[in-house]
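Structure below is target-v1.cif: mmCIF, C-alpha atoms and all ligand atoms.
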data_protein
#
loop_
_atom_site.group_PDB
_atom_site.id
_atom_site.type_symbol
_atom_site.label_atom_id
_atom_site.label_comp_id
_atom_site.auth_asym_id
_atom_site.auth_seq_id
_atom_site.Cartn_x
_atom_site.Cartn_y
_atom_site.Cartn_z
ATOM 1 C CA MET M 51 74.680 133.022 83.722
ATOM 2 C CA PRO M 52 71.888 135.193 85.190
ATOM 3 C CA ARG M 53 73.136 138.616 86.343
ATOM 4 C CA LYS M 54 71.851 138.187 89.928
ATOM 5 C CA LYS M 55 73.790 134.952 90.291
ATOM 6 C CA LEU M 56 76.974 136.593 89.028
ATOM 7 C CA ILE M 57 76.578 139.436 91.505
ATOM 8 C CA LYS M 58 76.181 136.926 94.351
ATOM 9 C CA ILE M 59 79.274 134.983 93.282
ATOM 10 C CA ASN M 60 81.340 138.162 93.238
ATOM 11 C CA GLU M 61 79.873 139.492 96.465
ATOM 12 C CA VAL M 62 80.308 136.283 98.451
ATOM 13 C CA ASN M 63 84.041 136.291 97.797
ATOM 14 C CA SER M 64 84.348 139.615 99.595
ATOM 15 C CA PHE M 65 82.575 138.405 102.760
ATOM 16 C CA PRO M 66 84.914 138.080 105.769
ATOM 17 C CA ASN M 67 83.334 134.719 106.721
ATOM 18 C CA VAL M 68 83.753 133.123 103.273
ATOM 19 C CA PHE M 69 86.961 131.501 102.024
ATOM 20 C CA ASN M 70 87.456 130.370 98.458
ATOM 21 C CA LEU M 71 89.490 127.300 97.577
ATOM 22 C CA SER M 72 90.897 129.099 94.574
ATOM 23 C CA GLU M 73 92.820 131.302 97.029
ATOM 24 C CA ASN M 74 94.336 128.316 98.841
ATOM 25 C CA PRO M 75 93.005 128.985 102.336
ATOM 26 C CA THR M 76 94.397 126.872 105.161
ATOM 27 C CA GLU M 77 93.001 125.698 108.430
ATOM 28 C CA LYS M 78 94.979 128.495 110.129
ATOM 29 C CA ASP M 79 92.886 131.057 108.216
ATOM 30 C CA PHE M 80 89.724 129.532 109.678
ATOM 31 C CA ARG M 81 91.320 129.365 113.127
ATOM 32 C CA SER M 82 92.226 133.034 113.042
ATOM 33 C CA TYR M 83 88.716 133.873 111.821
ATOM 34 C CA PHE M 84 87.110 131.948 114.709
ATOM 35 C CA ASN M 85 89.781 133.147 117.119
ATOM 36 C CA ASN M 86 89.483 130.045 119.315
ATOM 37 C CA GLU M 87 90.607 126.420 119.457
ATOM 38 C CA ASN M 88 87.112 124.911 119.633
ATOM 39 C CA LYS M 89 86.238 121.786 117.678
ATOM 40 C CA ILE M 90 85.456 122.190 113.982
ATOM 41 C CA VAL M 91 82.362 120.655 112.385
ATOM 42 C CA LEU M 92 82.330 120.593 108.600
ATOM 43 C CA GLU M 93 79.158 120.488 106.506
ATOM 44 C CA ILE M 94 79.780 119.253 102.965
ATOM 45 C CA GLY M 95 77.426 120.388 100.187
ATOM 46 C CA CYS M 96 75.855 122.988 102.477
ATOM 47 C CA GLY M 97 73.839 124.589 99.671
ATOM 48 C CA HIS M 98 72.275 127.783 101.045
ATOM 49 C CA GLY M 99 74.018 127.288 104.372
ATOM 50 C CA ASP M 100 70.941 127.217 106.589
ATOM 51 C CA TYR M 101 71.959 124.003 108.419
ATOM 52 C CA THR M 102 75.376 125.438 109.307
ATOM 53 C CA TYR M 103 73.700 128.690 110.357
ATOM 54 C CA ASN M 104 71.145 126.932 112.608
ATOM 55 C CA LEU M 105 73.599 124.484 114.127
ATOM 56 C CA ALA M 106 76.094 127.241 114.953
ATOM 57 C CA GLN M 107 73.394 128.918 117.033
ATOM 58 C CA HIS M 108 72.665 125.677 118.905
ATOM 59 C CA PHE M 109 76.314 124.907 119.614
ATOM 60 C CA PRO M 110 78.175 128.142 120.411
ATOM 61 C CA ASP M 111 81.131 126.094 121.717
ATOM 62 C CA LYS M 112 81.804 124.472 118.320
ATOM 63 C CA ASN M 113 82.942 126.071 115.065
ATOM 64 C CA PHE M 114 80.934 125.259 111.942
ATOM 65 C CA ILE M 115 82.197 125.445 108.366
ATOM 66 C CA GLY M 116 79.722 124.984 105.523
ATOM 67 C CA MET M 117 81.259 124.140 102.179
ATOM 68 C CA ASP M 118 79.758 124.037 98.725
ATOM 69 C CA VAL M 119 81.008 124.280 95.199
ATOM 70 C CA LYS M 120 78.365 126.952 94.489
ATOM 71 C CA GLY M 121 79.223 130.336 95.967
ATOM 72 C CA SER M 122 75.912 131.785 94.816
ATOM 73 C CA ARG M 123 74.129 129.400 97.224
ATOM 74 C CA ILE M 124 76.491 130.032 100.135
ATOM 75 C CA HIS M 125 75.674 133.743 99.774
ATOM 76 C CA ALA M 126 72.352 133.322 101.639
ATOM 77 C CA GLY M 127 73.767 131.491 104.680
ATOM 78 C CA ALA M 128 76.872 133.654 104.880
ATOM 79 C CA THR M 129 74.696 136.793 104.831
ATOM 80 C CA SER M 130 72.448 135.525 107.671
ATOM 81 C CA VAL M 131 75.501 134.561 109.720
ATOM 82 C CA LEU M 132 77.010 138.029 109.301
ATOM 83 C CA GLU M 133 73.761 139.906 109.911
ATOM 84 C CA ASN M 134 73.087 137.943 113.090
ATOM 85 C CA LYS M 135 76.681 138.281 114.305
ATOM 86 C CA ILE M 136 77.224 134.542 114.629
ATOM 87 C CA ASN M 137 80.952 134.199 115.213
ATOM 88 C CA ASN M 138 81.271 130.420 115.083
ATOM 89 C CA ALA M 139 80.181 129.826 111.476
ATOM 90 C CA ALA M 140 82.156 130.324 108.280
ATOM 91 C CA PHE M 141 82.003 129.011 104.730
ATOM 92 C CA LEU M 142 84.274 127.530 102.100
ATOM 93 C CA VAL M 143 83.545 127.745 98.389
ATOM 94 C CA GLY M 144 85.033 124.768 96.574
ATOM 95 C CA ARG M 145 84.900 121.071 95.898
ATOM 96 C CA ALA M 146 85.013 118.443 98.639
ATOM 97 C CA GLU M 147 87.638 116.612 96.559
ATOM 98 C CA LYS M 148 90.153 119.233 97.771
ATOM 99 C CA LEU M 149 89.353 119.229 101.494
ATOM 100 C CA ASN M 150 92.666 117.647 102.433
ATOM 101 C CA GLN M 151 94.458 120.605 100.839
ATOM 102 C CA VAL M 152 92.784 122.949 103.333
ATOM 103 C CA PHE M 153 92.516 120.988 106.553
ATOM 104 C CA GLU M 154 95.307 119.296 108.428
ATOM 105 C CA ASN M 155 95.302 115.623 109.334
ATOM 106 C CA LYS M 156 92.873 114.731 112.124
ATOM 107 C CA SER M 157 91.666 118.297 112.553
ATOM 108 C CA ILE M 158 87.902 117.984 112.014
ATOM 109 C CA SER M 159 85.726 116.526 114.764
ATOM 110 C CA GLU M 160 82.534 115.897 112.791
ATOM 111 C CA ILE M 161 81.461 115.851 109.159
ATOM 112 C CA LEU M 162 77.852 116.472 108.125
ATOM 113 C CA ILE M 163 76.615 115.282 104.731
ATOM 114 C CA PRO M 164 72.949 116.213 104.446
ATOM 115 C CA PHE M 165 71.101 115.349 101.246
ATOM 116 C CA PRO M 166 73.972 115.132 98.774
ATOM 117 C CA ASP M 167 73.233 114.690 95.081
ATOM 118 C CA PRO M 168 72.588 110.950 94.556
ATOM 119 C CA HIS M 169 74.431 110.621 91.191
ATOM 120 C CA VAL M 170 72.288 107.631 90.337
ATOM 121 C CA ARG M 171 74.228 106.473 87.287
ATOM 122 C CA ARG M 172 76.625 103.685 88.168
ATOM 123 C CA LYS M 173 79.528 105.318 86.385
ATOM 124 C CA SER M 174 79.139 108.407 88.616
ATOM 125 C CA GLU M 175 79.471 106.386 91.843
ATOM 126 C CA ASN M 176 82.762 108.032 92.766
ATOM 127 C CA ARG M 177 81.059 111.435 92.729
ATOM 128 C CA ARG M 178 78.702 110.410 95.522
ATOM 129 C CA LEU M 179 79.833 112.227 98.650
ATOM 130 C CA VAL M 180 79.686 108.930 100.587
ATOM 131 C CA SER M 181 81.779 106.910 98.120
ATOM 132 C CA GLU M 182 85.024 105.196 99.096
ATOM 133 C CA TYR M 183 86.822 107.918 97.172
ATOM 134 C CA PHE M 184 85.454 110.644 99.467
ATOM 135 C CA LEU M 185 85.672 108.566 102.644
ATOM 136 C CA LYS M 186 89.405 108.272 102.056
ATOM 137 C CA ILE M 187 89.641 112.065 102.088
ATOM 138 C CA TYR M 188 87.411 112.374 105.164
ATOM 139 C CA LYS M 189 89.534 109.792 106.992
ATOM 140 C CA GLU M 190 92.582 112.012 106.593
ATOM 141 C CA ILE M 191 91.025 115.122 108.086
ATOM 142 C CA LEU M 192 88.707 113.559 110.687
ATOM 143 C CA THR M 193 89.945 112.918 114.237
ATOM 144 C CA ASP M 194 90.190 109.243 115.240
ATOM 145 C CA GLU M 195 87.015 109.456 117.300
ATOM 146 C CA GLY M 196 85.351 111.764 114.728
ATOM 147 C CA LYS M 197 81.844 111.113 113.427
ATOM 148 C CA ILE M 198 80.195 111.429 110.036
ATOM 149 C CA HIS M 199 76.476 112.222 109.936
ATOM 150 C CA PHE M 200 74.690 111.386 106.711
ATOM 151 C CA LYS M 201 71.019 112.135 105.922
ATOM 152 C CA THR M 202 69.214 111.349 102.701
ATOM 153 C CA ASP M 203 65.795 110.633 101.221
ATOM 154 C CA ASN M 204 67.361 108.506 98.482
ATOM 155 C CA ASP M 205 67.175 104.715 98.957
ATOM 156 C CA LEU M 206 69.813 103.930 96.366
ATOM 157 C CA LEU M 207 72.282 106.339 97.942
ATOM 158 C CA PHE M 208 71.517 105.157 101.468
ATOM 159 C CA ASP M 209 72.009 101.488 100.547
ATOM 160 C CA PHE M 210 75.166 102.444 98.708
ATOM 161 C CA SER M 211 76.529 104.191 101.824
ATOM 162 C CA LEU M 212 75.718 101.183 104.024
ATOM 163 C CA ASN M 213 77.562 98.912 101.592
ATOM 164 C CA VAL M 214 80.616 101.163 101.683
ATOM 165 C CA ILE M 215 80.453 101.301 105.497
ATOM 166 C CA SER M 216 80.268 97.516 105.669
ATOM 167 C CA LYS M 217 82.983 96.957 103.048
ATOM 168 C CA LEU M 218 85.387 99.259 104.907
ATOM 169 C CA ASN M 219 84.358 97.753 108.242
ATOM 170 C CA LEU M 220 83.445 101.140 109.697
ATOM 171 C CA LYS M 221 81.702 101.704 113.024
ATOM 172 C CA ILE M 222 77.999 102.578 112.941
ATOM 173 C CA HIS M 223 77.030 104.715 115.951
ATOM 174 C CA PHE M 224 73.391 105.257 115.031
ATOM 175 C CA LEU M 225 71.164 104.275 112.141
ATOM 176 C CA VAL M 226 67.516 105.031 111.437
ATOM 177 C CA ASN M 227 65.568 104.093 108.305
ATOM 178 C CA ASP M 228 62.716 106.507 108.942
ATOM 179 C CA LEU M 229 63.749 109.645 110.757
ATOM 180 C CA GLN M 230 60.642 110.982 112.475
ATOM 181 C CA ILE M 231 60.035 114.693 112.184
ATOM 182 C CA ASN M 232 59.412 114.928 115.928
ATOM 183 C CA ASP M 233 62.609 113.113 116.941
ATOM 184 C CA GLU M 234 64.030 115.821 119.178
ATOM 185 C CA SER M 235 66.611 113.553 120.791
ATOM 186 C CA ASP M 236 69.474 114.904 118.698
ATOM 187 C CA ILE M 237 69.911 118.381 117.235
ATOM 188 C CA TYR M 238 71.727 117.204 114.074
ATOM 189 C CA ARG M 239 68.836 114.912 113.305
ATOM 190 C CA SER M 240 66.026 117.240 114.330
ATOM 191 C CA ILE M 241 67.087 120.398 112.491
ATOM 192 C CA GLN M 242 65.896 120.177 108.905
ATOM 193 C CA THR M 243 67.927 121.390 105.961
ATOM 194 C CA ARG M 244 66.315 123.312 103.111
ATOM 195 C CA TYR M 245 66.145 120.220 100.887
ATOM 196 C CA GLU M 246 64.852 118.109 103.742
ATOM 197 C CA LYS M 247 61.882 120.466 104.193
ATOM 198 C CA HIS M 248 60.968 120.035 100.506
ATOM 199 C CA TYR M 249 61.370 116.264 100.646
ATOM 200 C CA ARG M 250 59.273 115.956 103.798
ATOM 201 C CA LYS M 251 56.503 118.029 102.185
ATOM 202 C CA ASP M 252 56.575 115.493 99.337
ATOM 203 C CA GLY M 253 56.081 112.705 101.903
ATOM 204 C CA ARG M 254 59.507 111.192 101.341
ATOM 205 C CA ILE M 255 61.096 109.060 104.059
ATOM 206 C CA ILE M 256 64.339 110.386 105.492
ATOM 207 C CA LYS M 257 67.143 108.035 106.447
ATOM 208 C CA TYR M 258 70.118 108.795 108.679
ATOM 209 C CA VAL M 259 73.336 107.086 109.663
ATOM 210 C CA CYS M 260 76.103 108.269 111.960
ATOM 211 C CA PHE M 261 79.385 106.407 111.595
ATOM 212 C CA GLY M 262 83.119 106.665 112.143
ATOM 213 C CA PHE M 263 86.423 105.052 111.200
HETATM 214 C C1 LIG X 1 70.970 118.436 96.891
HETATM 215 S S1 LIG X 1 71.879 119.817 97.415
HETATM 216 C C2 LIG X 1 71.631 119.764 99.183
HETATM 217 C C3 LIG X 1 71.923 121.067 99.853
HETATM 218 C C4 LIG X 1 71.827 121.042 101.405
HETATM 219 N N1 LIG X 1 72.727 120.064 101.974
HETATM 220 C C5 LIG X 1 70.424 120.787 101.875
HETATM 221 O O1 LIG X 1 70.166 119.682 102.365
HETATM 222 O O2 LIG X 1 69.583 121.697 101.769
HETATM 223 C C6 LIG X 1 73.542 119.231 97.232
HETATM 224 C C7 LIG X 1 74.615 120.319 97.324
HETATM 225 O O3 LIG X 1 75.893 119.704 97.249
HETATM 226 C C8 LIG X 1 76.763 120.531 96.477
HETATM 227 N N2 LIG X 1 77.847 119.667 95.961
HETATM 228 C C9 LIG X 1 77.722 118.642 95.086
HETATM 229 N N3 LIG X 1 78.919 118.064 94.872
HETATM 230 C C10 LIG X 1 79.816 118.736 95.644
HETATM 231 C C11 LIG X 1 81.228 118.620 95.858
HETATM 232 N N4 LIG X 1 81.935 117.673 95.238
HETATM 233 N N5 LIG X 1 81.825 119.475 96.704
HETATM 234 C C12 LIG X 1 81.111 120.442 97.346
HETATM 235 N N6 LIG X 1 79.775 120.602 97.177
HETATM 236 C C13 LIG X 1 79.132 119.756 96.349
HETATM 237 C C14 LIG X 1 75.855 121.112 95.408
HETATM 238 O O4 LIG X 1 76.383 122.300 94.854
HETATM 239 C C15 LIG X 1 74.557 121.340 96.190
HETATM 240 O O5 LIG X 1 74.468 122.641 96.721
#
Would you kindly transcribe this structure into structure tokens?
Ligand SMILES: C[S@@+](CC[C@H](N)C(=O)[O-])C[C@H]1O[C@@H](n2cnc3c(N)ncnc32)[C@H](O)[C@@H]1O
Amino acid sequence: MPRKKLIKINEVNSFPNVFNLSENPTEKDFRSYFNNENKIVLEIGCGHGDYTYNLAQHFPDKNFIGMDVKGSRIHAGATSVLENKINNAAFLVGRAEKLNQVFENKSISEILIPFPDPHVRRKSENRRLVSEYFLKIYKEILTDEGKIHFKTDNDLLFDFSLNVISKLNLKIHFLVNDLQINDESDIYRSIQTRYEKHYRKDGRIIKYVCFGF
């Protein structure tokens, strides 16, 4: 592994706003970090953490937690959050498969899944962050009226998610097959993630669905 990456992985674990699944953090640890009872919004596969960082600034009355299996990526977002003294954003290093070990039942008000890896091979379907396997985990931790926001440029993954939503008879709150760059009607939709910026430069069409159980 490159030396710089190793340094980041070690460093990020010492940040006060970063929790690592390997140390068995609980929701209470996040609560005491935020020091309030505001709603929690969880971003899964947050990469460099810029979406969590930007959204936390837009919604000071909500707490944002960005999670990713790669601590070296979280390093960037966690650093910006600390440097800019943003108190309502924190990060979790670990796999989404273990979310129900950290968060209590019905404790998360919204889940954001922007541009997850598509895992195009059929035998990797369960690894897609919008598969039935993951939705079962999200259902445990999401409040009854909670919402899941999913953005992707990938047609296969988008169609897959709509099939899962239909199979499980879930409620679609909003769906758009071509998310316009100037759609300012909703902050979650209008703020672009790092990957989204690349994809838009490539001329790819972005799709979005907001749904709940
Ligand atoms: C394509 S990147 C998108 C990053 C970011 N959401 C964005 O839009 O800029 C997907 C991210 O999901 C993370 N990831 C993939 N599987 C994961 C899992 N099971 N649990 C947590 N993170 C995961 C990867 O490490 C990667 O950073």
To test your reading of the syntax: which residues would the PyMOL selection byres (((not hetatm)) within 7 of (chain X and resi 1)) return for the file shown? Reply as a ChimeraX atom specification. /M:94-98,117-120,123,144-147,163-167,177,179,243-246
For Thr102 (chain M), the closest of M:Ile241, M:Val214, M:Val180, M:Val152 counting all atoms listed in the file is M:Ile241
Pick from M:Lys58, M:Lys247, M:His199, M:Lys189, whichever lies nearest to Gly127 (chain M) using all atoms listed in the file: M:Lys58
With the PyMOL selection byres (((chain M and resi 79-87) around 10) and not hetatm) as the selection, what would be picked from this file? Answer as a CSV table (one decimal) with C-alpha atoms, in the frame of the given file, please.
chain,number,residue,atom,x,y,z
M,66,PRO,CA,84.9,138.1,105.8
M,67,ASN,CA,83.3,134.7,106.7
M,68,VAL,CA,83.8,133.1,103.3
M,69,PHE,CA,87.0,131.5,102.0
M,74,ASN,CA,94.3,128.3,98.8
M,75,PRO,CA,93.0,129.0,102.3
M,76,THR,CA,94.4,126.9,105.2
M,77,GLU,CA,93.0,125.7,108.4
M,78,LYS,CA,95.0,128.5,110.1
M,88,ASN,CA,87.1,124.9,119.6
M,89,LYS,CA,86.2,121.8,117.7
M,90,ILE,CA,85.5,122.2,114.0
M,111,ASP,CA,81.1,126.1,121.7
M,112,LYS,CA,81.8,124.5,118.3
M,113,ASN,CA,82.9,126.1,115.1
M,114,PHE,CA,80.9,125.3,111.9
M,115,ILE,CA,82.2,125.4,108.4
M,137,ASN,CA,81.0,134.2,115.2
M,138,ASN,CA,81.3,130.4,115.1
M,139,ALA,CA,80.2,129.8,111.5
M,140,ALA,CA,82.2,130.3,108.3
M,141,PHE,CA,82.0,129.0,104.7
M,142,LEU,CA,84.3,127.5,102.1
M,152,VAL,CA,92.8,122.9,103.3
M,153,PHE,CA,92.5,121.0,106.6
Measuring between only C-alpha atoms, which one of M:Lys148, M:Arg239, M:His108, M:His125 shows the shortest distance to Glu61 (chain M)?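 Checking each candidate against Glu61 (chain M), we get M:His125 as the closest.
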With distances taken over only C-alpha atoms, which of M:Ser72, M:Gly99, M:Leu218, M:Ile255 is nearest to Ile231 (chain M)?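 Closest to Ile231 (chain M) of all the choices is M:Ile255.
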Just say which residues the PyMOL selection byres (((chain M and resi 59) around 10) and not hetatm) picks in this file, as number ranges by chain. M: 53-58, 60-64, 120-125, 143
Could you check how far CA of Ile187 (chain M) sits from CA of Val170 (chain M), in Å to one decimal?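 Here the two named atoms are 21.4 Å from each other.
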Expected answer as a VMD selection string: all residues with atoms within 12 Å of (77.1, 102.6, 103.4), only C-alpha atoms: chain M and resid 178 to 182 185 198 to 202 205 to 222 225 257 to 262
Pairwise distance for CA of Ala106 (chain M) and CA of Ile136 (chain M), rounded to one decimal in Å: 7.4 Å
Report, as JSON, the axis-aligned box around all atoms of region 51-62 of chain M present in the file, extended by 8 Å on each side; give centre and edge lengths in Å to one decimal place.
{"center_x": 76.6, "center_y": 136.3, "center_z": 91.1, "size_x": 25.5, "size_y": 22.5, "size_z": 30.7}
Work out how far CA of Leu162 (chain M) is from CA of Phe263 (chain M), in Å to one decimal.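 For CA of Phe263 (chain M) relative to CA of Leu162 (chain M), the distance reads 14.6 Å.
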Within 7 Å of Lys156 (chain M) using only C-alpha atoms, minus same-chain residues under 6 positions, as JSON, numbers by chain: {"M": [190, 191, 192, 193, 194]}
